[in-house]
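For reference, upload-v7.txt (compact mmCIF, C-alpha atoms):
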```txt
# COMPACT_ATOMS: atom_id res chain seq x y z
CA MET P 13 -65.13 -24.70 -50.74
CA ARG P 14 -62.52 -22.90 -48.62
CA ARG P 15 -61.60 -20.59 -51.49
CA ARG P 16 -65.24 -19.77 -52.17
CA LEU P 17 -65.86 -19.07 -48.49
CA ALA P 18 -62.70 -16.94 -48.38
CA ARG P 19 -63.96 -14.96 -51.37
CA GLU P 20 -67.39 -14.48 -49.79
CA ILE P 21 -65.78 -13.22 -46.61
CA ALA P 22 -63.41 -11.00 -48.60
CA VAL P 23 -66.21 -9.36 -50.61
CA GLN P 24 -68.18 -8.66 -47.47
CA ALA P 25 -65.09 -7.37 -45.66
CA LEU P 26 -64.23 -5.03 -48.55
CA TYR P 27 -67.79 -3.75 -48.41
CA GLN P 28 -67.50 -3.24 -44.65
CA MET P 29 -64.24 -1.35 -45.10
CA GLU P 30 -65.81 1.00 -47.62
CA MET P 31 -68.92 1.60 -45.51
CA ASN P 32 -67.41 1.82 -42.04
CA ASN P 33 -63.77 2.80 -42.49
CA VAL P 34 -62.39 -0.20 -40.57
CA THR P 35 -59.14 -2.09 -41.07
CA ALA P 36 -58.91 -5.25 -43.15
CA ALA P 37 -58.31 -7.38 -40.06
CA ASP P 38 -61.27 -5.87 -38.22
CA ALA P 39 -63.57 -6.25 -41.22
CA VAL P 40 -62.60 -9.90 -41.78
CA ALA P 41 -62.98 -10.64 -38.08
CA MET P 42 -66.46 -9.08 -38.01
CA ILE P 43 -67.59 -11.08 -41.06
CA ALA P 44 -66.08 -14.31 -39.72
CA GLU P 45 -67.82 -13.83 -36.37
CA GLU P 46 -71.10 -13.19 -38.11
CA ALA P 47 -70.57 -16.20 -40.40
CA SER P 48 -70.08 -18.48 -37.42
CA GLN P 49 -73.65 -17.83 -36.23
CA GLU P 50 -76.13 -20.57 -37.08
CA ASP P 51 -78.57 -18.25 -38.80
CA SER P 52 -75.87 -16.54 -40.88
CA GLU P 53 -76.24 -16.28 -44.64
CA LEU P 54 -72.83 -17.93 -44.98
CA GLY P 55 -73.63 -20.51 -42.30
CA ALA P 56 -70.07 -21.78 -42.27
CA GLU P 57 -68.73 -24.38 -39.91
CA ARG P 58 -66.03 -23.19 -37.54
CA SER P 59 -63.39 -25.47 -39.05
CA ALA P 60 -64.10 -24.14 -42.54
CA LEU P 61 -63.96 -20.58 -41.21
CA ARG P 62 -60.60 -21.20 -39.51
CA GLN P 63 -59.20 -22.30 -42.86
CA ALA P 64 -60.87 -19.56 -44.93
CA VAL P 65 -60.18 -16.53 -42.73
CA PRO P 66 -56.40 -16.29 -43.34
CA ARG P 67 -56.95 -16.49 -47.10
CA ALA P 68 -59.78 -13.94 -46.92
CA LEU P 69 -57.52 -11.55 -45.02
CA GLU P 70 -54.74 -12.09 -47.56
CA LEU P 71 -57.17 -11.28 -50.38
CA VAL P 72 -58.56 -8.19 -48.65
CA GLU P 73 -55.09 -6.86 -47.89
CA GLY P 74 -54.00 -7.54 -51.46
CA VAL P 75 -57.00 -5.72 -52.92
CA THR P 76 -56.52 -2.85 -50.51
CA GLY P 77 -52.83 -2.52 -51.32
CA ALA P 78 -53.43 -2.47 -55.08
CA ARG P 79 -56.78 -0.68 -54.98
CA SER P 80 -55.86 2.44 -56.93
CA ALA P 81 -54.13 0.38 -59.63
CA ILE P 82 -57.07 -2.05 -59.74
CA ASP P 83 -59.59 0.79 -60.01
CA GLY P 84 -57.57 2.48 -62.75
CA MET P 85 -57.33 -0.77 -64.69
CA LEU P 86 -61.02 -1.61 -64.28
CA GLN P 87 -62.07 1.88 -65.34
CA GLN P 88 -60.72 1.09 -68.83
CA TYR P 89 -63.28 -1.71 -69.14
CA LEU P 90 -66.31 0.05 -67.68
CA THR P 91 -67.82 1.37 -70.87
CA GLY P 92 -70.20 4.14 -69.91
CA TRP P 93 -69.64 3.69 -66.18
CA GLN P 94 -67.45 5.21 -63.48
CA MET P 95 -66.08 3.12 -60.58
CA ASP P 96 -67.73 5.38 -58.02
CA ARG P 97 -71.12 4.98 -59.73
CA LEU P 98 -71.16 1.16 -59.52
CA SER P 99 -73.07 -0.54 -56.75
CA ARG P 100 -70.80 -1.10 -53.77
CA VAL P 101 -71.26 -4.85 -54.07
CA ASP P 102 -70.38 -5.01 -57.78
CA ARG P 103 -67.37 -2.75 -57.17
CA GLN P 104 -65.96 -5.03 -54.45
CA ILE P 105 -66.55 -8.16 -56.54
CA LEU P 106 -64.80 -6.61 -59.54
CA ARG P 107 -61.88 -5.46 -57.39
CA LEU P 108 -61.44 -8.89 -55.84
CA ALA P 109 -61.66 -10.70 -59.18
CA ALA P 110 -59.28 -8.26 -60.88
CA TYR P 111 -56.79 -8.72 -58.07
CA GLU P 112 -56.96 -12.51 -58.35
CA ILE P 113 -56.79 -12.45 -62.15
CA VAL P 114 -54.01 -9.91 -62.67
CA TRP P 115 -52.02 -9.76 -59.42
CA ARG P 116 -52.07 -13.42 -58.35
CA ASP P 117 -50.73 -16.45 -60.11
CA ASP P 118 -52.25 -19.15 -57.90
CA VAL P 119 -55.78 -18.87 -59.31
CA PRO P 120 -56.71 -19.79 -62.88
CA PRO P 121 -58.17 -16.60 -64.40
CA LYS P 122 -61.31 -18.30 -65.71
CA ALA P 123 -61.95 -19.80 -62.27
CA ALA P 124 -61.69 -16.33 -60.72
CA VAL P 125 -64.16 -14.99 -63.29
CA ASN P 126 -66.61 -17.83 -62.66
CA GLU P 127 -66.38 -17.30 -58.90
CA ALA P 128 -66.93 -13.55 -59.36
CA ILE P 129 -70.04 -14.20 -61.44
CA GLU P 130 -71.40 -16.51 -58.74
CA LEU P 131 -70.65 -13.93 -56.04
CA ALA P 132 -72.40 -11.26 -58.11
CA LYS P 133 -75.47 -13.47 -58.54
CA HIS P 134 -75.51 -14.19 -54.81
CA PHE P 135 -74.79 -10.73 -53.38
CA GLY P 136 -75.71 -8.39 -56.23
CA THR P 137 -78.73 -7.49 -58.28
CA GLU P 138 -80.46 -9.49 -60.98
CA ASP P 139 -78.10 -8.04 -63.61
CA SER P 140 -74.89 -8.14 -61.58
CA GLY P 141 -73.72 -11.52 -62.88
CA LYS P 142 -73.97 -10.43 -66.51
CA PHE P 143 -72.33 -7.08 -65.79
CA VAL P 144 -69.40 -8.65 -63.91
CA ASN P 145 -69.00 -11.26 -66.65
CA GLY P 146 -68.85 -8.56 -69.35
CA VAL P 147 -66.25 -6.45 -67.55
CA LEU P 148 -64.06 -9.38 -66.58
CA GLY P 149 -64.36 -10.91 -70.05
CA ARG P 150 -62.72 -7.77 -71.43
CA VAL P 151 -60.02 -8.02 -68.76
CA LEU P 152 -59.31 -11.62 -69.81
CA ASP P 153 -59.00 -10.53 -73.45
CA GLU P 154 -56.01 -8.37 -72.50
CA LEU P 155 -54.68 -10.41 -69.60
CA ASP P 156 -51.13 -10.93 -70.89
CA THR P 157 -50.65 -7.19 -71.41
CA LEU P 158 -52.23 -6.36 -68.05
CA LYS P 159 -49.94 -8.80 -66.20
CA GLN P 160 -46.86 -7.38 -67.91
CA ASN P 161 -47.82 -3.80 -67.04
CA ARG P 162 -49.23 -4.30 -63.54
CA PRO P 163 -47.69 -2.31 -60.74
CA ILE P 164 -46.09 -4.61 -58.21
```
File written out as structure tokens:
Amino acid sequence: MRRRLAREIAVQALYQMEMNNVTAADAVAMIAEEASQEDSELGAERSALRQAVPRALELVEGVTGARSAIDGMLQQYLTGWQMDRLSRVDRQILRLAAYEIVWRDDVPPKAAVNEAIELAKHFGTEDSGKFVNGVLGRVLDELDTLKQNRPI
């Protein structure tokens, strides 16, 4: 549950950063504050938030640090699409999942894909889950090569 909450916070924080030009720490703090409200969509308990926020910040900073490499890698798998033409939500979900799949070793790749699909269904459009699944499925097909060639 903590990892899912951290991912939800991270996706929303990445979105905030793109929309409002704020730092990772500020974006995560804003989302965590909002999530602590009773009527929040996340509706998280404070203890769960305290555990999820450091991981969310770590994810957001990781995505931000590798963003150009992530975007370049994802572009190879976006048949007929450009990164800047994707919905902002789908773009953040793909970035987060790609970071977890290729740049991190503490998350099983298929678990990261499944979580990304669930995030896309929750935050995206009706077709977001299928779209994210298709793109990340192609990433998984070439995962060994991608991990060997990833910028550090």
Mind dumping a table of every stretch 34-109 of chain P residue within 12 Å of stretch 114-130 of chain P, with the nearest atom pair and its distance in Å to one decimal, using only C-alpha atoms, sorted by chain and rising number, as JSON lines?
```
{"residue": "P:Glu70", "atom": "CA", "partner": "P:Arg116", "partner_atom": "CA", "distance": 11.2}
{"residue": "P:Leu71", "atom": "CA", "partner": "P:Arg116", "partner_atom": "CA", "distance": 9.7}
{"residue": "P:Gly74", "atom": "CA", "partner": "P:Trp115", "partner_atom": "CA", "distance": 8.5}
{"residue": "P:Val75", "atom": "CA", "partner": "P:Trp115", "partner_atom": "CA", "distance": 9.1}
{"residue": "P:Gly77", "atom": "CA", "partner": "P:Trp115", "partner_atom": "CA", "distance": 10.9}
{"residue": "P:Ala78", "atom": "CA", "partner": "P:Trp115", "partner_atom": "CA", "distance": 8.6}
{"residue": "P:Arg79", "atom": "CA", "partner": "P:Trp115", "partner_atom": "CA", "distance": 11.2}
{"residue": "P:Ala81", "atom": "CA", "partner": "P:Trp115", "partner_atom": "CA", "distance": 10.4}
{"residue": "P:Ile82", "atom": "CA", "partner": "P:Val114", "partner_atom": "CA", "distance": 8.9}
{"residue": "P:Met85", "atom": "CA", "partner": "P:Val114", "partner_atom": "CA", "distance": 9.9}
{"residue": "P:Leu86", "atom": "CA", "partner": "P:Val114", "partner_atom": "CA", "distance": 11.0}
{"residue": "P:Val101", "atom": "CA", "partner": "P:Ala128", "partner_atom": "CA", "distance": 11.1}
{"residue": "P:Asp102", "atom": "CA", "partner": "P:Ala128", "partner_atom": "CA", "distance": 9.3}
{"residue": "P:Arg103", "atom": "CA", "partner": "P:Ala128", "partner_atom": "CA", "distance": 11.0}
{"residue": "P:Gln104", "atom": "CA", "partner": "P:Ala128", "partner_atom": "CA", "distance": 9.9}
{"residue": "P:Ile105", "atom": "CA", "partner": "P:Ala128", "partner_atom": "CA", "distance": 6.1}
{"residue": "P:Leu106", "atom": "CA", "partner": "P:Ala128", "partner_atom": "CA", "distance": 7.3}
{"residue": "P:Arg107", "atom": "CA", "partner": "P:Ala128", "partner_atom": "CA", "distance": 9.7}
{"residue": "P:Leu108", "atom": "CA", "partner": "P:Ala128", "partner_atom": "CA", "distance": 8.0}
{"residue": "P:Ala109", "atom": "CA", "partner": "P:Ala124", "partner_atom": "CA", "distance": 5.8}
```
Distance of atom CA of P:Ala36 from atom CA of P:Val151, expressed in Å to one decimal place
25.8 Å
Would you compute the distance between atom CA of P:Ala60 and atom CA of P:Ala110? Give it in Å to one decimal.
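Between atom CA of P:Ala60 and atom CA of P:Ala110 the gap works out to 24.7 Å.
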As an exercise, work out the distance from atom CA of P:Gln24 to atom CA of P:Gln88 in Å and give it to one decimal place.
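Separation of atom CA of P:Gln24 and atom CA of P:Gln88: 24.6 Å.
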What's the 12 Å shell around P:Arg62, counting all atoms listed in the file, without same-chain residues fewer than 5 positions away, as a PyMOL selection string?
chain P and resi 14+17-18+21+40-41+44-45+47-48+56-57+67-69
Need the shell around P:Glu30: protein/DNA/RNA residues with any atom at most 12 Å away, counting only C-alpha atoms. Skip same-chain ones fewer than 2 positions apart. Format as a ChimeraX atom specification?
/P:23-28,32-36,39,72,76,79,96,99-101,103-104
